[in-house]
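Undergrad: Next comes structure-v7.cif, mmCIF, C-alpha atoms and all ligand atoms:
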data_protein
#
loop_
_atom_site.label_atom_id
_atom_site.label_comp_id
_atom_site.auth_asym_id
_atom_site.auth_seq_id
_atom_site.Cartn_x
_atom_site.Cartn_y
_atom_site.Cartn_z
CA MET A 1 -12.16 104.46 160.32
CA LYS A 2 -11.79 108.24 160.30
CA LYS A 3 -11.75 110.07 156.97
CA ILE A 4 -8.48 109.83 155.05
CA GLY A 5 -6.79 112.84 153.48
CA LEU A 6 -5.12 111.78 150.22
CA ILE A 7 -2.59 114.49 149.48
CA TYR A 8 -0.68 114.59 146.20
CA SER A 9 0.01 117.05 143.41
CA PHE A 10 -2.85 117.14 140.91
CA ASN A 11 -0.32 118.31 138.29
CA THR A 12 1.67 115.06 138.25
CA THR A 13 1.13 112.28 135.73
CA LYS A 14 2.22 109.11 137.43
CA THR A 15 1.45 110.04 141.03
CA THR A 16 -2.04 111.11 139.92
CA GLN A 17 -2.52 107.78 138.14
CA ALA A 18 -1.61 105.94 141.35
CA ALA A 19 -3.84 108.23 143.41
CA ARG A 20 -6.82 107.37 141.17
CA HIS A 21 -6.37 103.68 141.97
CA ILE A 22 -6.14 104.51 145.67
CA LEU A 23 -9.37 106.53 145.52
CA GLU A 24 -11.12 103.62 143.81
CA ALA A 25 -10.04 101.24 146.59
CA PHE A 26 -11.86 103.16 149.34
CA ASP A 27 -15.52 104.15 149.81
CA LYS A 28 -16.08 107.64 148.45
CA ASP A 29 -17.07 108.96 151.88
CA ASP A 30 -13.92 107.60 153.57
CA ILE A 31 -11.36 109.55 151.54
CA GLU A 32 -10.83 113.10 150.28
CA ALA A 33 -8.23 114.09 147.68
CA VAL A 34 -6.39 117.35 148.34
CA ASN A 35 -3.91 119.03 146.00
CA ALA A 36 -0.47 119.10 147.67
CA GLU A 37 0.21 122.36 145.86
CA ASP A 38 -2.62 124.08 147.79
CA ILE A 39 -2.16 122.34 151.13
CA THR A 40 -2.43 124.42 154.32
CA GLU A 41 -1.52 123.52 157.91
CA GLU A 42 -5.23 123.58 158.88
CA LYS A 43 -6.18 121.23 156.07
CA PHE A 44 -3.26 118.87 156.80
CA THR A 45 -3.96 118.62 160.52
CA GLY A 46 -7.70 118.26 159.94
CA PHE A 47 -7.19 114.58 159.07
CA SER A 48 -6.26 111.81 161.54
CA ASN A 49 -5.40 109.46 158.68
CA LEU A 50 -3.26 110.70 155.82
CA ILE A 51 -1.93 109.19 152.60
CA LEU A 52 0.82 111.30 151.06
CA GLY A 53 1.93 110.92 147.44
CA VAL A 54 5.58 111.88 147.11
CA PRO A 55 7.61 111.18 143.94
CA THR A 56 11.40 111.49 144.10
CA TRP A 57 13.05 114.17 141.99
CA PHE A 58 16.45 115.82 141.65
CA ASP A 59 18.50 112.72 142.60
CA GLY A 60 16.96 111.87 145.94
CA GLU A 61 14.94 114.94 146.76
CA LEU A 62 11.36 116.09 147.17
CA PRO A 63 9.54 117.88 144.36
CA ASN A 64 9.34 121.67 144.90
CA TYR A 65 5.70 121.74 146.01
CA TRP A 66 6.47 119.41 148.97
CA ASP A 67 9.67 121.28 149.75
CA GLU A 68 7.67 124.49 150.01
CA PHE A 69 5.37 122.98 152.66
CA LEU A 70 8.29 121.74 154.83
CA PRO A 71 8.78 124.91 156.91
CA ALA A 72 5.08 124.76 157.87
CA MET A 73 5.33 121.03 158.55
CA GLU A 74 8.23 121.64 160.95
CA GLU A 75 5.79 123.59 163.15
CA LEU A 76 3.05 120.97 163.23
CA ASP A 77 2.14 118.66 166.07
CA LEU A 78 1.31 115.35 164.41
CA LYS A 79 0.81 113.24 167.55
CA GLY A 80 -2.05 110.79 167.08
CA LYS A 81 -1.89 110.94 163.27
CA LYS A 82 -1.34 107.89 161.13
CA ILE A 83 0.49 108.60 157.91
CA ALA A 84 1.06 106.32 154.92
CA VAL A 85 3.37 107.40 152.11
CA PHE A 86 3.47 106.23 148.49
CA GLY A 87 5.96 107.40 145.96
CA ALA A 88 7.02 106.95 142.37
CA GLY A 89 10.66 106.31 141.58
CA ASP A 90 12.93 104.71 139.03
CA GLN A 91 15.04 101.86 140.43
CA LYS A 92 17.12 101.40 137.27
CA GLY A 93 17.74 105.07 136.54
CA TYR A 94 18.36 106.10 140.16
CA PRO A 95 19.45 102.92 142.02
CA GLU A 96 21.23 104.88 144.77
CA ASN A 97 18.29 107.15 145.51
CA PHE A 98 15.34 104.91 144.80
CA VAL A 99 12.14 106.48 146.21
CA ASP A 100 14.20 108.50 148.73
CA ALA A 101 11.37 111.01 149.05
CA ILE A 102 9.21 108.41 150.84
CA GLY A 103 11.92 108.17 153.52
CA ILE A 104 12.38 111.93 153.74
CA ILE A 105 8.67 112.59 154.38
CA ALA A 106 8.37 109.62 156.75
CA GLU A 107 11.33 110.83 158.87
CA LEU A 108 10.01 114.36 159.00
CA THR A 109 6.47 113.48 160.02
CA GLU A 110 7.69 110.94 162.57
CA GLU A 111 9.81 113.66 164.19
CA LYS A 112 6.59 115.62 164.61
CA GLY A 113 4.91 112.70 166.36
CA ALA A 114 3.09 110.89 163.55
CA GLU A 115 3.02 107.11 163.28
CA ILE A 116 4.01 105.77 159.87
CA VAL A 117 1.86 102.88 158.62
CA GLY A 118 1.78 100.98 155.35
CA PHE A 119 5.26 99.42 155.38
CA THR A 120 5.85 97.04 152.44
CA SER A 121 8.46 94.43 151.52
CA THR A 122 11.50 95.38 149.41
CA LYS A 123 11.27 91.94 147.76
CA GLY A 124 10.74 92.21 144.01
CA TYR A 125 12.71 95.44 143.59
CA ALA A 126 16.39 95.77 142.51
CA PHE A 127 18.20 98.88 143.74
CA GLU A 128 21.34 99.78 145.69
CA GLN A 129 20.22 102.29 148.26
CA SER A 130 17.05 103.98 149.43
CA ARG A 131 16.29 106.35 152.25
CA ALA A 132 12.89 104.67 152.39
CA GLN A 133 14.42 101.31 153.33
CA ARG A 134 14.21 100.04 156.91
CA GLY A 135 15.55 96.49 157.17
CA ASP A 136 13.74 94.42 154.57
CA LYS A 137 10.90 96.93 154.24
CA PHE A 138 10.10 100.28 152.68
CA CYS A 139 8.40 102.71 155.07
CA GLY A 140 5.65 103.14 152.45
CA LEU A 141 4.68 101.94 148.99
CA ALA A 142 7.28 102.19 146.21
CA LEU A 143 5.90 102.40 142.67
CA ASP A 144 8.12 102.21 139.60
CA PHE A 145 6.28 103.29 136.46
CA GLU A 146 9.45 103.18 134.35
CA ASN A 147 10.42 99.56 135.00
CA GLN A 148 7.55 97.75 136.74
CA SER A 149 4.37 99.51 135.67
CA SER A 150 2.49 96.22 135.25
CA LYS A 151 2.85 95.60 139.00
CA ASN A 152 1.47 98.93 140.15
CA LYS A 153 -2.23 98.16 140.17
CA GLU A 154 -1.82 95.02 142.25
CA ARG A 155 0.69 96.65 144.61
CA ILE A 156 -1.71 99.54 145.20
CA ALA A 157 -4.72 97.29 145.77
CA LYS A 158 -2.83 95.17 148.31
CA TRP A 159 -1.51 98.26 150.09
CA CYS A 160 -4.97 99.81 150.39
CA GLU A 161 -6.34 96.61 151.97
CA GLN A 162 -3.43 96.77 154.45
CA LEU A 163 -4.21 100.43 155.23
CA LYS A 164 -7.87 99.64 155.93
CA LYS A 165 -6.58 97.50 158.82
CA GLU A 166 -3.86 99.90 159.98
CA PHE A 167 -5.72 103.21 159.99
CA ILE A 168 -7.67 104.30 163.08
C1 LIG A 201 15.43 114.70 136.70
C2 LIG A 201 14.85 113.48 137.35
C3 LIG A 201 15.36 113.06 138.57
C4 LIG A 201 14.85 111.91 139.20
N1 LIG A 201 15.41 111.49 140.38
C5 LIG A 201 14.96 110.32 140.93
C6 LIG A 201 15.56 109.80 142.11
O1 LIG A 201 16.49 110.36 142.69
N2 LIG A 201 15.08 108.64 142.62
C7 LIG A 201 14.06 107.94 142.04
O2 LIG A 201 13.66 106.89 142.54
N3 LIG A 201 13.46 108.41 140.91
C8 LIG A 201 13.89 109.58 140.34
N4 LIG A 201 13.31 110.05 139.19
C9 LIG A 201 12.19 109.30 138.58
C10 LIG A 201 10.83 109.87 138.96
O3 LIG A 201 10.61 109.82 140.35
C11 LIG A 201 9.75 109.07 138.27
O4 LIG A 201 9.80 109.32 136.90
C12 LIG A 201 8.35 109.32 138.81
O5 LIG A 201 7.51 108.39 138.23
C13 LIG A 201 7.83 110.72 138.56
O6 LIG A 201 6.55 110.81 139.11
P1 LIG A 201 5.56 112.01 138.78
O7 LIG A 201 5.31 111.98 137.28
O8 LIG A 201 4.32 111.70 139.52
O9 LIG A 201 6.22 113.28 139.24
C14 LIG A 201 13.79 111.19 138.58
C15 LIG A 201 13.29 111.63 137.34
C16 LIG A 201 13.81 112.74 136.72
C17 LIG A 201 13.26 113.15 135.38
#
Show me the file's structure as structure tokens.
Ligand SMILES: Cc1cc2nc3c(=O)[nH]c(=O)nc-3n(C[C@H](O)[C@H](O)[C@H](O)COP(=O)(O)O)c2cc1C
TA:
Amino acid sequence: MKKIGLIYSFNTTKTTQAARHILEAFDKDDIEAVNAEDITEEKFTGFSNLILGVPTWFDGELPNYWDEFLPAMEELDLKGKKIAVFGAGDQKGYPENFVDAIGIIAELTEEKGAEIVGFTSTKGYAFEQSRAQRGDKFCGLALDFENQSSKNKERIAKWCEQLKKEFI
């Protein structure tokens, strides 16, 4: 497996907590954490395997630091890259936009040629609508610290085992 770039904002609380569990699940040499707030095109495209941490803010939108990288992302060629997305959301507070940001980033990177891996079942969640939903799956890992925090650790561990099989 080629080295994984784990990209998330180091200034978040919940996303950082999830990222720590992800780091623990892989061998130290197989994964490198990069602050999404300092990400460059060179750094991003330097990885063949990427895990992106993307919480949903502003009623179904990306946080500012991801938004700011979008113009650069539009110019990237991501053919041959495998990308897995995890994101924090609140299914009770925002049932019509639950973890939308996972879907937004997945759509964008797919348009640039990346393959999205790490799909998970929507079973066990209760929401009305999500841009991350494709059939009975999310196109990534949905984490809900507000309502289902006790499930996070197990969900993350299972997802990381899945990624070890799906990454190149
Ligand atoms: C103003 C505001 C807007 C939010 N909008 C959404 C939303 O549209 N969809 C969603 O699933 N969660 C939404 N959330 C919940 C956050 O995504 C959730 O609290 C998440 O855990 C934050 O992660 P972070 O601390 O890593 O940034 C919102 C939270 C706030 C405070």
Undergrad: Hey, can you check how far atom CA of A:Lys158 sits from atom CA of A:Val117?
TA: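 Going from atom CA of A:Lys158 over to atom CA of A:Val117 covers 13.7 Å.
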Undergrad: Which of these residues is nearest to A:Ile116, using all atoms listed in the file: A:Lys165, A:Lys28, A:Lys153, A:Lys82?
TA: A:Lys82
Undergrad: 9 Å from ligand LIG 201 (chain A) is the threshold here; counting all atoms listed in the file, which polymer residues fall inside it? Answer as a ChimeraX atom specification.
TA: /A:8-9,11-18,53-63,87-101,130,142-146
Undergrad: Using only C-alpha atoms, please write the residues we just selected to a file, as a PDB file, in the coordinates of the input.
TA:
ATOM      1  CA  TYR A   8      -0.680 114.590 146.200  1.00  0.00           C
ATOM      2  CA  SER A   9       0.010 117.050 143.410  1.00  0.00           C
ATOM      3  CA  ASN A  11      -0.320 118.310 138.290  1.00  0.00           C
ATOM      4  CA  THR A  12       1.670 115.060 138.250  1.00  0.00           C
ATOM      5  CA  THR A  13       1.130 112.280 135.730  1.00  0.00           C
ATOM      6  CA  LYS A  14       2.220 109.110 137.430  1.00  0.00           C
ATOM      7  CA  THR A  15       1.450 110.040 141.030  1.00  0.00           C
ATOM      8  CA  THR A  16      -2.040 111.110 139.920  1.00  0.00           C
ATOM      9  CA  GLN A  17      -2.520 107.780 138.140  1.00  0.00           C
ATOM     10  CA  ALA A  18      -1.610 105.940 141.350  1.00  0.00           C
ATOM     11  CA  GLY A  53       1.930 110.920 147.440  1.00  0.00           C
ATOM     12  CA  VAL A  54       5.580 111.880 147.110  1.00  0.00           C
ATOM     13  CA  PRO A  55       7.610 111.180 143.940  1.00  0.00           C
ATOM     14  CA  THR A  56      11.400 111.490 144.100  1.00  0.00           C
ATOM     15  CA  TRP A  57      13.050 114.170 141.990  1.00  0.00           C
ATOM     16  CA  PHE A  58      16.450 115.820 141.650  1.00  0.00           C
ATOM     17  CA  ASP A  59      18.500 112.720 142.600  1.00  0.00           C
ATOM     18  CA  GLY A  60      16.960 111.870 145.940  1.00  0.00           C
ATOM     19  CA  GLU A  61      14.940 114.940 146.760  1.00  0.00           C
ATOM     20  CA  LEU A  62      11.360 116.090 147.170  1.00  0.00           C
ATOM     21  CA  PRO A  63       9.540 117.880 144.360  1.00  0.00           C
ATOM     22  CA  GLY A  87       5.960 107.400 145.960  1.00  0.00           C
ATOM     23  CA  ALA A  88       7.020 106.950 142.370  1.00  0.00           C
ATOM     24  CA  GLY A  89      10.660 106.310 141.580  1.00  0.00           C
ATOM     25  CA  ASP A  90      12.930 104.710 139.030  1.00  0.00           C
ATOM     26  CA  GLN A  91      15.040 101.860 140.430  1.00  0.00           C
ATOM     27  CA  LYS A  92      17.120 101.400 137.270  1.00  0.00           C
ATOM     28  CA  GLY A  93      17.740 105.070 136.540  1.00  0.00           C
ATOM     29  CA  TYR A  94      18.360 106.100 140.160  1.00  0.00           C
ATOM     30  CA  PRO A  95      19.450 102.920 142.020  1.00  0.00           C
ATOM     31  CA  GLU A  96      21.230 104.880 144.770  1.00  0.00           C
ATOM     32  CA  ASN A  97      18.290 107.150 145.510  1.00  0.00           C
ATOM     33  CA  PHE A  98      15.340 104.910 144.800  1.00  0.00           C
ATOM     34  CA  VAL A  99      12.140 106.480 146.210  1.00  0.00           C
ATOM     35  CA  ASP A 100      14.200 108.500 148.730  1.00  0.00           C
ATOM     36  CA  ALA A 101      11.370 111.010 149.050  1.00  0.00           C
ATOM     37  CA  SER A 130      17.050 103.980 149.430  1.00  0.00           C
ATOM     38  CA  ALA A 142       7.280 102.190 146.210  1.00  0.00           C
ATOM     39  CA  LEU A 143       5.900 102.400 142.670  1.00  0.00           C
ATOM     40  CA  ASP A 144       8.120 102.210 139.600  1.00  0.00           C
ATOM     41  CA  PHE A 145       6.280 103.290 136.460  1.00  0.00           C
ATOM     42  CA  GLU A 146       9.450 103.180 134.350  1.00  0.00           C
TER      43      GLU A 146
END
Undergrad: Pick out the closest residue to A:Ile39 from this set: A:Leu141, A:Glu75, A:Ala25, A:Trp66. Count all atoms listed in the file.
TA: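 For A:Ile39, the nearest of the candidates is A:Trp66.
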Undergrad: Using only C-alpha atoms, which protein or nucleic acid residues come within 10 Å of A:Ser121? Drop anything in the same chain fewer than 5 positions from it, and give the result as a ChimeraX atom specification.
TA: /A:133-142
Undergrad: Hey, which of A:Lys79, A:Lys2, A:Lys112, A:Lys43 ends up closest to A:Asp30? Count only C-alpha atoms.
TA: A:Lys2
Undergrad: When you count all atoms listed in the file, which of these residues is closest to A:Gly103: A:Ile83, A:Ala132, A:Ile168, A:Ile156?
TA: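 Of the candidates, the smallest distance to A:Gly103 is held by A:Ala132.
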